[in-house]
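Worksheet for the structure shown next.
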Amino acid sequence: MAADPKQVSADVSVPPSKPAFWNDPAWRAIFFQVLVLVGVVVFAAFLVRNTLHNMESRGISSGFDFLSKTAGFSIGETHFGISYTEENSYGKTFIVGLMNTIWVSMWGVFLATILGFIIGVMRLSTNWLVSKLAMVYIETIRNIPLLLQIFFWYFAILRPLPGPRGSIQLSFPIINFTHLIITVLVSAAAIFLLWWIGVKKRYDADQKAMPLWMLVIASVVTVLIIGNVVSLVTGFGLVAQWNESFFLNNRGLSYPQPIPEEGFAITGWAVAIGVVAAFFVRRWAKKRQDETGEQFPVFLASLGLIIGLPLVIFIFSGLPLHFDYPKLTGFNFTGGSVLTPEFISLLLALSFYTASFIAEIVRAGINAVSHGQTEAARAVGLRANPILRLVIIPQALRVIIPPLTSQYLNLTKNSSLAAAIAYPDIVLVFAGTTLMQTGQAVEIIAMTMAVYLTLSLLISTFMNWYNEKMALVER
Amino acid sequence: MKLVNKLAVSAALVSLAFASVTQAGTLDDIRAKGHLQCGVSQGLPGFSNPDQSGNWVGLDVDLCRAVAAAVFGNANKVKYSPLSAKERFTALQSGEVDILSRNTTWTLVRDTALGLNFAGVNYYDGQGFMVRKDLGVTSAKQLAGAAVCVNIGTTTELNMADFFRANNMNYKPVVFEKADEVVAAYDSGRCDVYTTDRSGLAAQRLKLKDPNAHIVLPETISKEPLGPVVRHGDDQWFDIVKWTLYCMVEAEEYGLSSKNVDEMKSKTSNPQIKRHVGTEGDMGKSLGLPNDWCYNVVKQVGNYGESYDKNVGPETSLKLSRGVNAQWTDGGLQYAMPIR
Ligand SMILES: N[C@@H](CCC(=O)N[C@@H](CS)C(=O)NCC(=O)O)C(=O)O
């Protein structure tokens, strides 16, 4: 409708007669909102006042002073390197519980995401068996209550394991690094020579190249021979010794803990430098591709910078790292680290359960990208891998991220089922023992609710930021 | 289970938020609703445990029955709320139960900051340790590095921490909410040690697969005076519970039992016993109860010794000797204030 400018100005100049303000929808809207707000505030004030009054008249103590008092009880496990003893305060028990909640949620989100994506993609596979397997997984796990799954892992799988003295053990070879490096270097040279003679030379001479199987067998034999020769010459083998490293029993999984020695810091710095360098390489490569169209193997280069560089430095700084192995002393294993059965069952149940939902989200996300996109990408000559990476996934992610966020929130909140199997999360430690010992239910429950609220808001904020980054940028 | 317990806590909080506390008047409330609501354990043999036909029995249960007998003249007018250690105080504070009789230790914090009143001690106890015999441990001092199974929200959890700290020993607590979960965890070998009140050890031991494969270590690491609890702020109700317990204890001291109380009531000329059974004085009136309140208690529930022998004594599967719970006249700690 093409509006006539004159008409418009005429409309403005003659305003309709103003209704009485109680009939004005704008006023009404404001009025009712204020009414509701006042109602909510008055109600909340009533609740708070009444609670405080009732608590006072029953002589129940209130306030937050208890946070600085000595806790006096101990906690089974702490994470993020926090140290806690009975002499610490109730406030510290809050921190420990919070960190334990974050710890299991963090790993849960990580595992559930990886597993969920793999299964989601499997579900779409054209291979009948693979896709049906994924379907069975999703339909089974998604429909069994989470608490039952936690109990399954805890009571049916981990509980019946033998005690510490009858642990299931797994030994690992300790590799002799000098031997390894010499062997690898010499073998690399030998294999190159093989290839040179068997393929390059003959190819240049227009002869048929050596068949692949022959090349592989020859390489393996060469490496074996070289390895043994190195052992003979140096006088020590590739495996310095076999060490019992992993112990699985009804107290959990004990494993060797890496202990950095002096000089390990350089390796750490190398990782940091590698990350920064990889970032710049990526920027440079993108710029160059934009300008010249030439591509650069960014992934390989980054791998080299982030892993290769620190590895070389680590080796040349004299391997400043050793392992603290678990040993059976008295009742239990000391040394090394341990994953408790409580943590393992909670983590596995949370991850497998949430993964089944994520898998469906991933499937839906990929299905949401119209097939025309693939065809169009093929038409401009892209191959399968770039189509997936550059066309399908970025579009699918837009559909995946919002529901994925709520799965992350669910996982975090579900972690409060920890208390059912004695994993010391915030509910067990703070809303459990601390509440019991202080009796300050109102304060403690309020703080615990605030924790879940804050965690949820943080996750949502982060995911929204990521979502915005991935969202369609209209040009 | 988790849910139930969240419900309990939220119910308590909600009731704190909404209810306007009726300060006094627990007695009137109980009379109005026609029964006593009694908080007990979720099944601790000897103290509070349902028998084969589903009736609650035990030393702690007898106390509730005694209170009902004193108030209604009928020991059966009791309803029971099984509570975990964690739920019990919120349940009492919020008015869900009228009395908590659940092997609960009298401590300063509970008596003050939690807004509760302990009406006496019906079992003097102390905390002990149980281990598997084949561990070869003979003293609690050898428990360094052990994994210890324990109930959440108990004095046990704190005493254990104190004990290991005082003796400079490491340990790993594994903390469950329900007593049955603790016992199952210990029985399956998740922990080396099970610790709780010694009476609790004797009772829970019966639930183990092979009770004889375990021993209780000699150390007693704490004082655990167990007794009935009521809310702050209703002195009359507090008095009733307190004097009901004294009535049972004093009845034993005077040789009154459920068997002979009728005979004594009609024959005795002893003024102490007359006051006790309510044929002289007006003790009941001072408490706001009928004058035969204590007679009903002894007649229907029995004296303290009867209750002890029937539920936890040497003849029962718990096999607990009277020890410090004997009458003061026999060198024990059970000493009733005089009803006069
Ligand atoms: N007396 C201690 C411990 C009481 C307690 O809860 N003990 C456990 C372990 S014996 C129990 O009675 N459990 C029985 C149940 O919850 O059913 C206290 O008051 O904190």
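The chains in the structure tokens are called A, B, ... from first to last as shown; in each chain the residues are counted from 1, and the ligands are counted from 1 in the order shown.
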
Please, which residues of stretch 77-286 of chain B, numbered as in this document, come out helix (DSSP H, G or I) from DSSP, as a PyMOL selection string?
chain B and resi 88-93+108-111+133-135+140-142+155-166+179-187+198-205+211-213+235-253+261-267+271-277+283-286

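Every residue of stretch 194-303 of chain B found in strand (DSSP E or B) when DSSP is run on the backbone appears here: Tyr194, Thr195, Thr196, Asp197, His214, Ile215, Val216, Glu224, Pro225, Leu226, Val229, Val230 and Arg231 of chain B.
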
Sorted per-residue table, chain A near ligand 1, closest atoms and distance, 12 Å, only C-alpha atoms and all ligand atoms, as a tab-separated table:
residue	atom	partner	partner_atom_place_in_ligand_line	distance
A:Thr433	CA	ligand 1	20 (O)	11.1
A:Met436	CA	ligand 1	20 (O)	9.4
A:Gln437	CA	ligand 1	20 (O)	9.4

What does the distance from atom CA of A:Gln241 to atom CA of A:Phe177 come to in Å, to one decimal?
12.2 Å

Neighbours of chain A in chain B at 6 Å, counting only C-alpha atoms, as a short mmCIF file (atom, residue, chain, number, x, y, z; two decimals) with N, CA and C atoms, in the first residue's frame:
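See out.cif below for the written result:
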data_model
loop_
_atom_site.label_atom_id
_atom_site.label_comp_id
_atom_site.auth_asym_id
_atom_site.auth_seq_id
_atom_site.Cartn_x
_atom_site.Cartn_y
_atom_site.Cartn_z
N LEU B 16 7.87 -24.12 57.31
CA LEU B 16 8.45 -23.01 58.05
C LEU B 16 7.98 -21.70 57.44
N ALA B 17 7.85 -21.69 56.11
CA ALA B 17 7.49 -20.46 55.43
C ALA B 17 6.03 -20.11 55.66
N ALA B 113 21.08 -25.07 68.70
CA ALA B 113 20.96 -24.46 67.38
C ALA B 113 19.87 -25.11 66.52
N LEU B 114 19.59 -26.38 66.75
CA LEU B 114 18.57 -27.03 65.94
C LEU B 114 17.17 -26.83 66.50
N GLY B 115 17.09 -26.16 67.64
CA GLY B 115 15.77 -25.87 68.20
C GLY B 115 15.08 -27.09 68.77
N ALA B 146 42.31 -47.02 55.97
CA ALA B 146 41.12 -47.82 55.71
C ALA B 146 40.02 -46.99 55.05
N ILE B 152 25.22 -40.69 56.67
CA ILE B 152 25.29 -39.23 56.61
C ILE B 152 24.46 -38.62 57.74
N GLY B 153 24.92 -37.48 58.23
CA GLY B 153 24.12 -36.73 59.18
C GLY B 153 24.09 -37.32 60.56
N LEU B 158 31.15 -37.39 62.54
CA LEU B 158 32.06 -36.43 63.17
C LEU B 158 33.05 -37.12 64.09
N ALA B 161 35.82 -38.73 62.24
CA ALA B 161 36.80 -37.75 61.76
C ALA B 161 37.72 -37.35 62.90
N LYS B 172 39.44 -43.08 54.27
CA LYS B 172 38.54 -42.64 53.20
C LYS B 172 37.10 -42.86 53.63
N PRO B 173 36.36 -41.80 53.90
CA PRO B 173 34.96 -42.00 54.27
C PRO B 173 34.13 -42.29 53.02
N VAL B 175 30.15 -42.20 52.31
CA VAL B 175 29.01 -41.70 53.07
C VAL B 175 27.69 -41.98 52.36
N PHE B 176 26.82 -42.76 53.00
CA PHE B 176 25.50 -43.03 52.40
C PHE B 176 24.41 -42.44 53.27
N ARG B 190 33.11 -52.78 49.93
CA ARG B 190 33.47 -51.43 49.48
C ARG B 190 34.29 -50.73 50.55
N HIS B 232 11.64 -27.34 70.60
CA HIS B 232 11.68 -26.22 71.53
C HIS B 232 10.30 -25.59 71.63
#

Skip B:Ile215 itself and residues of its chain fewer than 3 positions away, then list as a PyMOL selection string all residues within 6 Å of it, counting only C-alpha atoms.
chain B and resi 130-131+133

Point-to-point distance from atom CA of B:Lys86 to atom CA of B:Asn151, Å rounded to tenths:
8.6 Å

Find the nearest atom pair between each residue of stretch 211-274 of chain A and stretch 304-311 of chain A for residues within 7 Å, count only C-alpha atoms, give distances in Å to one decimal, sort rows by chain and ascending number, and present the table as JSON lines.
{"residue": "A:Thr267", "atom": "CA", "partner": "A:Pro310", "partner_atom": "CA", "distance": 5.3}
{"residue": "A:Ala270", "atom": "CA", "partner": "A:Pro310", "partner_atom": "CA", "distance": 5.0}
{"residue": "A:Val271", "atom": "CA", "partner": "A:Ile306", "partner_atom": "CA", "distance": 5.5}
{"residue": "A:Gly274", "atom": "CA", "partner": "A:Ile306", "partner_atom": "CA", "distance": 4.5}

Expected file: the selected residues, N, CA, C and O atoms, as an mmCIF file, in the first residue's frame:
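Result written to part.cif:
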data_model
loop_
_atom_site.group_PDB
_atom_site.id
_atom_site.type_symbol
_atom_site.label_atom_id
_atom_site.label_comp_id
_atom_site.auth_asym_id
_atom_site.auth_seq_id
_atom_site.Cartn_x
_atom_site.Cartn_y
_atom_site.Cartn_z
ATOM 1 N N THR A 267 58.465 -27.683 28.728
ATOM 2 C CA THR A 267 57.511 -28.384 27.860
ATOM 3 C C THR A 267 56.153 -27.692 27.906
ATOM 4 O O THR A 267 55.490 -27.503 26.889
ATOM 5 N N ALA A 270 56.265 -24.748 25.882
ATOM 6 C CA ALA A 270 56.260 -25.107 24.460
ATOM 7 C C ALA A 270 54.836 -25.320 23.972
ATOM 8 O O ALA A 270 54.466 -24.902 22.869
ATOM 9 N N VAL A 271 53.995 -25.942 24.805
ATOM 10 C CA VAL A 271 52.596 -26.144 24.415
ATOM 11 C C VAL A 271 51.929 -24.785 24.201
ATOM 12 O O VAL A 271 51.257 -24.547 23.190
ATOM 13 N N GLY A 274 53.143 -23.224 21.142
ATOM 14 C CA GLY A 274 52.567 -23.957 20.010
ATOM 15 C C GLY A 274 51.150 -23.502 19.719
ATOM 16 O O GLY A 274 50.770 -23.276 18.570
#

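With distances restricted to only C-alpha atoms, A:Val427 is the closest residue to A:Thr448 from A:Val427, A:Leu35, A:Val275, A:Leu180.
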
Interface rows for stretch 152-190 of chain A against stretch 349-359 of chain A: nearest pair, Å to one decimal, 10 Å, only C-alpha atoms, as a Markdown table:
| residue | atom | partner | partner_atom | distance |
| --- | --- | --- | --- | --- |
| A:Phe152 | CA | A:Ala349 | CA | 8.5 |
| A:Trp153 | CA | A:Ala349 | CA | 7.1 |
| A:Tyr154 | CA | A:Ala349 | CA | 9.4 |

Residue subset to file, keeping N, CA and C atoms, as a compact mmCIF listing (two decimals), in the first residue's frame:
# COMPACT_ATOMS: atom_id res chain seq x y z
N PHE A 152 22.79 -49.42 38.21
CA PHE A 152 23.30 -50.53 37.41
C PHE A 152 24.82 -50.53 37.43
N TRP A 153 25.41 -49.40 37.10
CA TRP A 153 26.88 -49.33 37.08
C TRP A 153 27.45 -49.57 38.46
N TYR A 154 26.80 -48.95 39.45
CA TYR A 154 27.37 -49.00 40.80
C TYR A 154 27.21 -50.37 41.44

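Minimum atom-to-atom distance to B:Asp239, evaluated using only C-alpha atoms, belongs to B:Leu287 out of B:Cys38, B:Glu253, B:Glu315, B:Leu287.
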
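Taking atom CA of A:Phe246 and atom CA of A:Gln169 as endpoints, the distance between them is 5.6 Å.
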
Can you list, as number ranges by chain, every protein, DNA or RNA residue that comes within 12 Å of stretch 106-111 of chain B when you count only C-alpha atoms, leaving out same-chain residues fewer than 3 positions away?
A: 58-61, 66, 436-440; B: 88-90, 92-93, 100-103, 114-126, 153-155, 158, 222-232

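The nearest approach to B:Glu181 among the residues B:Asn159, B:Ala251, B:Ser84, B:Gly145, with only C-alpha atoms taken into account, belongs to B:Ser84.
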
Nearest candidate to B:Cys64 (options B:Lys209, B:Lys242, B:Lys265, B:Lys274; using only C-alpha atoms)
B:Lys242

Residue contacts of stretch 315-326 of chain A (6 Å, only C-alpha atoms) excluding same-chain residues fewer than 2 positions away, as a PyMOL selection string:
chain A and resi 256-261+264+312-313+333-336

Emit the selected residues as a short mmCIF file (atom, residue, chain, number, x, y, z; two decimals), in the first residue's frame, including all heavy atoms.
data_model
loop_
_atom_site.label_atom_id
_atom_site.label_comp_id
_atom_site.auth_asym_id
_atom_site.auth_seq_id
_atom_site.Cartn_x
_atom_site.Cartn_y
_atom_site.Cartn_z
N PRO A 256 48.61 -44.97 37.51
CA PRO A 256 49.82 -44.20 37.81
C PRO A 256 49.57 -42.71 37.60
O PRO A 256 48.90 -42.32 36.66
CB PRO A 256 50.84 -44.71 36.78
CG PRO A 256 50.22 -45.85 36.10
CD PRO A 256 48.76 -45.79 36.31
N GLN A 257 50.13 -41.93 38.49
CA GLN A 257 49.95 -40.49 38.37
C GLN A 257 51.23 -39.86 37.86
O GLN A 257 52.30 -40.08 38.42
CB GLN A 257 49.61 -39.91 39.74
CG GLN A 257 49.26 -38.45 39.67
CD GLN A 257 48.99 -37.88 41.04
OE1 GLN A 257 49.36 -38.48 42.06
NE2 GLN A 257 48.36 -36.75 41.09
N PRO A 258 51.16 -39.10 36.77
CA PRO A 258 52.36 -38.47 36.25
C PRO A 258 52.82 -37.36 37.19
O PRO A 258 52.01 -36.55 37.64
CB PRO A 258 51.92 -37.89 34.90
CG PRO A 258 50.45 -37.84 34.93
CD PRO A 258 49.97 -38.82 35.96
N ILE A 259 54.10 -37.37 37.53
CA ILE A 259 54.64 -36.34 38.41
C ILE A 259 55.68 -35.56 37.63
O ILE A 259 56.73 -36.11 37.27
CB ILE A 259 55.33 -36.97 39.64
CG1 ILE A 259 54.42 -38.00 40.29
CG2 ILE A 259 55.80 -35.90 40.61
CD1 ILE A 259 53.60 -37.53 41.42
N PRO A 260 55.44 -34.30 37.34
CA PRO A 260 56.42 -33.51 36.60
C PRO A 260 57.64 -33.23 37.47
O PRO A 260 57.51 -32.99 38.67
CB PRO A 260 55.68 -32.21 36.28
CG PRO A 260 54.42 -32.23 37.03
CD PRO A 260 54.24 -33.54 37.70
N GLU A 261 58.82 -33.30 36.84
CA GLU A 261 60.03 -32.98 37.59
C GLU A 261 60.48 -31.58 37.21
O GLU A 261 59.86 -30.92 36.38
CB GLU A 261 61.14 -33.98 37.24
CG GLU A 261 60.86 -35.37 37.74
CD GLU A 261 61.73 -36.41 37.04
OE1 GLU A 261 62.72 -35.99 36.40
OE2 GLU A 261 61.41 -37.59 37.12
N PHE A 264 60.18 -29.55 33.66
CA PHE A 264 59.01 -29.88 32.87
C PHE A 264 58.31 -28.61 32.39
O PHE A 264 57.60 -28.62 31.39
CB PHE A 264 58.04 -30.73 33.70
CG PHE A 264 56.89 -31.25 32.90
CD1 PHE A 264 57.08 -32.29 32.00
CD2 PHE A 264 55.63 -30.69 33.02
CE1 PHE A 264 56.02 -32.76 31.24
CE2 PHE A 264 54.56 -31.16 32.27
CZ PHE A 264 54.77 -32.20 31.37
N VAL A 312 59.27 -32.87 21.12
CA VAL A 312 60.71 -32.80 20.85
C VAL A 312 61.43 -32.16 22.03
O VAL A 312 62.44 -32.66 22.53
CB VAL A 312 60.96 -32.01 19.55
CG1 VAL A 312 62.45 -31.72 19.39
CG2 VAL A 312 60.43 -32.80 18.36
N ILE A 313 60.86 -31.05 22.50
CA ILE A 313 61.48 -30.36 23.62
C ILE A 313 61.50 -31.24 24.86
O ILE A 313 62.49 -31.31 25.59
CB ILE A 313 60.74 -29.03 23.89
CG1 ILE A 313 61.06 -28.08 22.75
CG2 ILE A 313 61.13 -28.44 25.24
CD1 ILE A 313 60.53 -26.71 22.90
N PHE A 333 45.27 -49.28 48.18
CA PHE A 333 46.38 -48.81 47.37
C PHE A 333 46.77 -47.42 47.80
O PHE A 333 45.91 -46.56 48.06
CB PHE A 333 45.99 -48.81 45.90
CG PHE A 333 46.01 -50.19 45.32
CD1 PHE A 333 44.89 -50.99 45.35
CD2 PHE A 333 47.18 -50.69 44.78
CE1 PHE A 333 44.91 -52.27 44.84
CE2 PHE A 333 47.22 -51.97 44.26
CZ PHE A 333 46.08 -52.76 44.29
N THR A 334 48.06 -47.19 47.90
CA THR A 334 48.53 -45.83 48.11
C THR A 334 49.38 -45.47 46.91
O THR A 334 49.82 -46.34 46.17
CB THR A 334 49.38 -45.70 49.38
OG1 THR A 334 50.39 -46.71 49.32
CG2 THR A 334 48.55 -45.91 50.62
N GLY A 335 49.61 -44.17 46.72
CA GLY A 335 50.35 -43.73 45.55
C GLY A 335 49.44 -43.77 44.35
O GLY A 335 48.37 -44.36 44.37
N GLY A 336 49.89 -43.15 43.26
CA GLY A 336 49.06 -43.08 42.07
C GLY A 336 47.79 -42.29 42.33
O GLY A 336 47.68 -41.56 43.30
#

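Between B:Thr195 and the residues B:Gly128, B:Gly255, B:Pro211, B:Gly54, the shortest atom-to-atom distance, using only C-alpha atoms, involves B:Gly128.
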
I want to know what sits within 8 Å of stretch 320-324 of chain B, based on only C-alpha atoms, with residues of the same chain fewer than 6 positions away left out; could you give that as an mmCIF file with C-alpha atoms, in the first residue's frame?
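Done, and the output landed in selection-v6.cif:
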data_model
loop_
_atom_site.group_PDB
_atom_site.id
_atom_site.type_symbol
_atom_site.label_atom_id
_atom_site.label_comp_id
_atom_site.auth_asym_id
_atom_site.auth_seq_id
_atom_site.Cartn_x
_atom_site.Cartn_y
_atom_site.Cartn_z
ATOM 1 C CA TYR B 124 23.726 -44.885 77.021
ATOM 2 C CA SER B 199 24.244 -50.908 69.816
ATOM 3 C CA ALA B 202 25.104 -55.251 67.263
ATOM 4 C CA VAL B 312 17.963 -55.534 73.201
ATOM 5 C CA GLY B 313 18.912 -57.600 76.265
ATOM 6 C CA PRO B 314 21.119 -60.678 76.528
ATOM 7 C CA GLY B 331 25.866 -49.227 89.685
ATOM 8 C CA GLY B 332 24.428 -48.120 86.326
ATOM 9 C CA LEU B 333 23.466 -44.714 84.955
ATOM 10 C CA GLN B 334 19.682 -45.103 84.723
#
